[in-house]
Amino acid sequence: MAPRLPARCWRQLLVQPTSLSPTTPSTLPRASASASASASPSSPSVRLLSYTQSRAVKSGWSTLPSRAKPHRFNQITSGLPAPTAGPAAALKRKEHSTPVRAGVLAVKKGMTVFMGRTGARIPCTVLQLDRVQTVLNKTRQKHGYWAVQVGMGERAAPNVTAPLLGYYEAKGIAPKEVLAEFRVRNEKGLLPVGVQLLPDWFHIGQRVDVRSNSRGQGFAGGMKRHGFAGQEASHGNSLNHRTIGTTGPSQGSGSRVLPGKKMPGRMGNQRVTVQNLPVLMVDNELGIVVVKGCVAGPKGAVVKIQDAVKKEPPSQEWIDKTMKALEERFPDAEAHLQAARERHLELKEARREKRIAELMAEGMKPSEADADAIEEIIAAAAKEDAGERAPAAF
């Protein structure tokens with residue numbers, strides 16, 4: 001930034017209040033500092049330049065007017081080649097490494113073995129899906145990319161913040177324990193909001209990528225964390241057998257510790273992706289997906305399962321089959337979402353008017369279909385209780 005000009009330079013630009021005619025700035029009369037000081041306070045003075053310094057290209061600022069559409073000149077429709085930089089070009093570059101479909105969330109239950117026909121022992125990991133539902137679709141027009149937000153499990157309402165409760169209320173979904181986002185290649189990979197993804201989203205033999213956090217090991221030394229060999233056991237070495245030694249010299253750029261130097265620190269609890277694991281078993285009743293090999297993390301860790309990026313995606317016939325199964329299982333997904341949005345607006349207005357206590361006192365009135373379903377559940381439970389109480393015939 002250019003230095004500020006002293007005040008004496010600005011006083012010479014003050015003029016006496018006269019009837020200004022449309023003349024050029026060079027013909028305007030100038031007044032000296034003594035004349036301007038002797039002018040009456042009631043007569044306003046006209047200042048040709050302000051006290052603030054104007055920015056210029058020389059001081060790092062452009063004097064050109066701001067353009068409302070800075071990207072209007074770099075368009076393919078004007079005959080120019082496709083740009084190699086920008087959001088659209090970035091999505092094009094990542095297209096081959098982005099899965100076609102969304103993934104699911106699961107919980108690692110543990111490891112077991114499969115025995116092959118020839119007696120081969122195949123280690124595998126059991127992953128269980130727990131009420132996995134789609135929560136949100138992210139689009140290129142609104143968010144800059146395509147993705148599907150998926151939730152797993154269920155969380156009690158008192159443990160969820162009020163904004164997040166409204167977020168779930170507008171979708172008609174119970175609060176989820178975990179939320180995750182899966183990027184997809186284009187808009188064809190988006191899913192209806194509120195549908196539940198079952199283990200048959202994958203098929204046996206398919207390759208998947210499993211991402212999870214590794215087991216935390218706490219603070220570890222250089223030998224355990226990075227595999228250092230340690231120092232000598234004798235020849236003058238005293239109580240420094242497992243230390244890493246000096247870290248500064250012989251690294252160049254002076255005797256200092258360069259960024260990224262391997263040193264003792266917190267070990268584990270890092271995101272680990274195990275790629276190209278084949279699916280060995282899929283069971284909708286148990287809600288499990290069994291993959292070959294090991295998966296990072298302890299028992300109970302949350303893992304993300306998605307189609308492998310280094311293998312060919314599932315066939316189009318399988319993708320169409322899974323989408324058709326979703327439509328058959330949840331035919332009223334769009335209507336349910338619209339009804340939840342309308343109900344959310346009603347409750348939002350009631351909260352503004354402080355009528356929530358009144359609505360809670362009246363209670364929620366279920367629809368006729370819900371009331372019939374509740375009656376059927378009660379009748380089935382009563383029938384089971386009666387069957388258990390009946391004496392057994394010998």
# chains A, B, ... in the order shown; residues from 1 in each chain; ligands from 1
call {"tool": "residues_around", "arguments": {"residues": "segment 92-100 of chain A", "least_positions_apart": "4", "cutoff": "6 Å", "atoms": "only C-alpha atoms", "output": "number ranges by chain"}}
result
A: 184-185, 189, 309
call {"tool": "residues_around", "arguments": {"residues": "Asn137 of chain A", "least_positions_apart": "4", "cutoff": "10 Å", "atoms": "only C-alpha atoms", "output": "PDB file with C-alpha atoms, in the first residue's frame"}}
result
ATOM      1  CA  HIS A 143     -23.894 -28.226  -3.809  1.00  0.00           C
ATOM      2  CA  TRP A 146     -23.622 -35.356  -6.576  1.00  0.00           C
ATOM      3  CA  ALA A 147     -23.805 -37.295  -3.326  1.00  0.00           C
ATOM      4  CA  VAL A 148     -26.213 -39.273  -1.146  1.00  0.00           C
ATOM      5  CA  GLN A 149     -26.331 -38.739   2.617  1.00  0.00           C
ATOM      6  CA  VAL A 150     -27.016 -41.975   4.495  1.00  0.00           C
ATOM      7  CA  GLU A 181     -21.974 -39.007   2.676  1.00  0.00           C
ATOM      8  CA  PHE A 182     -21.276 -41.092  -0.418  1.00  0.00           C
ATOM      9  CA  ARG A 183     -20.312 -39.345  -3.638  1.00  0.00           C
ATOM     10  CA  GLU A 187     -27.600 -37.737 -10.985  1.00  0.00           C
ATOM     11  CA  GLY A 189     -26.872 -42.449  -8.590  1.00  0.00           C
ATOM     12  CA  LEU A 190     -29.272 -40.409  -6.419  1.00  0.00           C
ATOM     13  CA  LEU A 191     -31.848 -42.298  -4.339  1.00  0.00           C
ATOM     14  CA  PRO A 192     -35.304 -41.433  -2.965  1.00  0.00           C
ATOM     15  CA  VAL A 193     -35.220 -39.912   0.520  1.00  0.00           C
TER      16      VAL A 193
END
call {"tool": "residues_around", "arguments": {"residues": "Ala296 of chain A", "least_positions_apart": "5", "cutoff": "8 Å", "atoms": "only C-alpha atoms", "output": "ChimeraX atom specification"}}
result
/A:211-215,272-274
call {"tool": "write_last_selection", "arguments": {"atoms": "C-alpha atoms", "output": "PDB file, in the first residue's frame"}}
result
ATOM      1  CA  ARG A 211     -13.399 -47.498   5.050  1.00  0.00           C
ATOM      2  CA  SER A 212     -13.152 -47.212   8.831  1.00  0.00           C
ATOM      3  CA  ASN A 213     -10.993 -45.810  11.607  1.00  0.00           C
ATOM      4  CA  SER A 214      -8.201 -48.044  12.850  1.00  0.00           C
ATOM      5  CA  ARG A 215      -7.838 -49.058  16.466  1.00  0.00           C
ATOM      6  CA  VAL A 272      -7.996 -46.776   6.673  1.00  0.00           C
ATOM      7  CA  THR A 273      -9.451 -47.964   3.357  1.00  0.00           C
ATOM      8  CA  VAL A 274      -9.211 -51.655   2.473  1.00  0.00           C
TER       9      VAL A 274
END
call {"tool": "select_by_dssp", "arguments": {"residues": "segment 97-209 of chain A", "states": "strand (DSSP E or B)", "output": "ChimeraX atom specification"}}
result
/A:104-115,121-128,133-138,147-152,178-183,196,207-209
call {"tool": "closest_residue", "arguments": {"among": "A:Leu359, A:Met281, A:Ala301, A:Ile377", "to": "Glu346 of chain A", "atoms": "only C-alpha atoms"}}
result
A:Leu359
call {"tool": "residues_around", "arguments": {"residues": "segment 164-179 of chain A", "least_positions_apart": "3", "cutoff": "6 Å", "atoms": "only C-alpha atoms", "output": "ChimeraX atom specification"}}
result
/A:150-155,161,337,340-341,344
call {"tool": "select_by_dssp", "arguments": {"residues": "segment 190-283 of chain A", "states": "helix (DSSP H, G or I)", "output": "PyMOL selection string"}}
result
chain A and resi 199-201+222-226
